[in-house]
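K.L.:
Submitted below is the structure of interest, expressed as structure tokens.
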Amino acid sequence: MNKISFKILAASVALLLSPALFAQEQEMPSADDMALMEVEVLEEELELDATQIFLADSVLRHNYQALMDEFEKMKSSGMQSTNSYKTVSEKWMQKCKDAFQLFLDEQQYIKYLKHLGEGKEYKKGKDGLYYKKEKKSKK
């Protein structure tokens with residue numbers, strides 16, 4: 001399954017869909033808190049510089065807040081379909097990937113995809129860099 005980012009999004013969906021959890025008054029982390037946790041992980045995993053940390057933080061804070069706002073609108077309109085929430089999560093995850101691709105170098109972006117549980121078309125070479133897997137041709 002996907003790693004931290006998807007877990008945060010999945011937890012958000014679960015919390016918004018589960019009235020029992022709200023009845024217990026468990027506090028869901030804020031969009032800022034989720035972004036901060038994710039940036040800390042990405043800073044280490046991707047070896048981000050100061051500018052990249054700032055940009056990642058800005059993108060994640062905005063997108064997580066927009067995701068939570070959209071979830072709240074869906075919930076208040078009575079929407080309960082898990083597929084709808086999943087579609088919205090995927091939309092905002094794609095917006096994160098698109099934004100990150102603008103400021104990460106190629107190797108960092110591939111590591112980011114791997115972090116998300118994607119990027120299966122890449123493999124790590126002996127030199128520690130990622131390369132596209134070569135397609136095996138049938139003869």
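Going through the structure tokens in order, the chains are called A, B, and so on, while each chain numbers its residues from 1 and the ligands are numbered from 1 in the order shown.
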Which polymer residues have any atom within 12 Å of an atom of Asp105 of chain A, counting only C-alpha atoms, with same-chain residues fewer than 3 positions away left out, as a JSON list (two decimals) with N, CA, C and O atoms, in the first residue's frame?

P.N.:
```json
[["chain", "number", "residue", "atom", "x", "y", "z"],
["A", 46, "LEU", "N", 14.22, 12.75, 0.89],
["A", 46, "LEU", "CA", 14.57, 13.32, -0.41],
["A", 46, "LEU", "C", 15.77, 14.27, -0.35],
["A", 46, "LEU", "O", 16.18, 14.79, -1.39],
["A", 47, "GLU", "N", 16.28, 14.49, 0.85],
["A", 47, "GLU", "CA", 17.40, 15.41, 1.04],
["A", 47, "GLU", "C", 17.09, 16.79, 0.43],
["A", 47, "GLU", "O", 17.80, 17.29, -0.43],
["A", 48, "LEU", "N", 16.00, 17.36, 0.91],
["A", 48, "LEU", "CA", 15.54, 18.65, 0.39],
["A", 48, "LEU", "C", 16.41, 19.79, 0.89],
["A", 48, "LEU", "O", 16.88, 19.78, 2.03],
["A", 49, "ASP", "N", 16.61, 20.80, 0.01],
["A", 49, "ASP", "CA", 17.30, 22.01, 0.45],
["A", 49, "ASP", "C", 16.26, 22.96, 1.05],
["A", 49, "ASP", "O", 15.06, 22.67, 1.06],
["A", 52, "GLN", "N", 13.37, 23.98, -1.24],
["A", 52, "GLN", "CA", 12.46, 22.85, -1.48],
["A", 52, "GLN", "C", 11.60, 22.55, -0.25],
["A", 52, "GLN", "O", 10.42, 22.22, -0.39],
["A", 100, "PHE", "N", 5.07, 19.04, -6.90],
["A", 100, "PHE", "CA", 6.39, 18.58, -6.49],
["A", 100, "PHE", "C", 7.30, 18.36, -7.69],
["A", 100, "PHE", "O", 8.51, 18.58, -7.60],
["A", 101, "GLN", "N", 6.74, 17.95, -8.79],
["A", 101, "GLN", "CA", 7.55, 17.71, -9.99],
["A", 101, "GLN", "C", 8.20, 19.01, -10.48],
["A", 101, "GLN", "O", 9.25, 18.98, -11.11],
["A", 102, "LEU", "N", 7.61, 20.14, -10.15],
["A", 102, "LEU", "CA", 8.14, 21.43, -10.58],
["A", 102, "LEU", "C", 9.41, 21.84, -9.83],
["A", 102, "LEU", "O", 10.23, 22.57, -10.36],
["A", 108, "GLN", "N", 14.96, 13.04, -7.07],
["A", 108, "GLN", "CA", 14.11, 13.32, -5.91],
["A", 108, "GLN", "C", 12.66, 12.99, -6.22],
["A", 108, "GLN", "O", 11.95, 12.45, -5.37],
["A", 109, "TYR", "N", 12.22, 13.34, -7.43],
["A", 109, "TYR", "CA", 10.83, 13.08, -7.79],
["A", 109, "TYR", "C", 10.55, 11.57, -7.84],
["A", 109, "TYR", "O", 9.50, 11.11, -7.37],
["A", 110, "ILE", "N", 11.49, 10.81, -8.36],
["A", 110, "ILE", "CA", 11.31, 9.35, -8.40],
["A", 110, "ILE", "C", 11.24, 8.81, -6.97],
["A", 110, "ILE", "O", 10.39, 7.97, -6.65],
["A", 111, "LYS", "N", 12.11, 9.32, -6.08],
["A", 111, "LYS", "CA", 12.07, 8.91, -4.67],
["A", 111, "LYS", "C", 10.73, 9.29, -4.05],
["A", 111, "LYS", "O", 10.18, 8.55, -3.23],
["A", 112, "TYR", "N", 10.21, 10.46, -4.43],
["A", 112, "TYR", "CA", 8.91, 10.89, -3.93],
["A", 112, "TYR", "C", 7.82, 9.93, -4.38],
["A", 112, "TYR", "O", 6.97, 9.52, -3.58]]
```

K.L.:
Neighbours of segment 58-65 of chain A within 7 Å (only C-alpha atoms; same-chain residues fewer than 6 positions away dropped), as a ChimeraX atom specification?

P.N.:
/A:31-32,35,92,96

K.L.:
Could you work out how far atom CA of Ile53 of chain A lies from atom CA of Thr87 of chain A, giving the answer in Å with one decimal?

P.N.:
27.4 Å

K.L.:
Quote the spacing between atom CA of Glu121 of chain A and atom CA of Asp57 of chain A in Å to one decimal place.

P.N.:
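Between atom CA of Glu121 of chain A and atom CA of Asp57 of chain A the gap is 27.2 Å.
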
K.L.:
Nearest to Asp69 of chain A among A:Gln94, A:Thr51, A:Ser30, A:Asn83, with distances taken over only C-alpha atoms: which residue is it?

P.N.:
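Closest residue, counting only C-alpha atoms: A:Ser30.
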
K.L.:
For the atom pair atom CA of Lys86 of chain A and atom CA of Glu43 of chain A, what is the interatomic distance in Å to one decimal place?

P.N.:
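Atom-to-atom, atom CA of Lys86 of chain A and atom CA of Glu43 of chain A are spaced 26.6 Å apart.
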
K.L.:
Using only C-alpha atoms, which of the listed residues (A:Ala56, A:Lys75, A:Phe103, A:Leu116) sits closest to Glu90 of chain A?

P.N.:
A:Leu116

K.L.:
Give me the residues near Gly128 of chain A as a ChimeraX atom specification, where near means some atom within 12 Å (using only C-alpha atoms) and where sequence neighbours in that chain fewer than 4 positions away do not count.

P.N.:
/A:107,111,122-124

K.L.:
Save out the residues we just selected, N, CA and C atoms, as a short mmCIF file (atom, residue, chain, number, x, y, z; two decimals), in the first residue's frame.

P.N.:
```cif
data_model
loop_
_atom_site.label_atom_id
_atom_site.label_comp_id
_atom_site.auth_asym_id
_atom_site.auth_seq_id
_atom_site.Cartn_x
_atom_site.Cartn_y
_atom_site.Cartn_z
N GLN A 107 15.73 12.66 -9.75
CA GLN A 107 15.95 11.59 -8.77
C GLN A 107 15.09 11.79 -7.51
N LYS A 111 12.11 9.32 -6.08
CA LYS A 111 12.07 8.91 -4.67
C LYS A 111 10.73 9.29 -4.05
N TYR A 122 10.41 2.28 -12.11
CA TYR A 122 11.81 2.63 -11.86
C TYR A 122 12.46 1.59 -10.96
N LYS A 123 13.73 1.37 -11.20
CA LYS A 123 14.51 0.50 -10.32
C LYS A 123 15.80 1.21 -9.98
N LYS A 124 16.35 0.84 -8.83
CA LYS A 124 17.58 1.46 -8.37
C LYS A 124 18.77 0.74 -8.99
#
```

K.L.:
Check the smallest atom-to-atom distance from each of A:Glu40, A:Glu70, A:Glu27, A:Glu106 to Tyr130 of chain A using only C-alpha atoms, then report the winner.

P.N.:
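Comparing A:Glu40, A:Glu70, A:Glu27, A:Glu106 against Tyr130 of chain A, the winner is A:Glu106.
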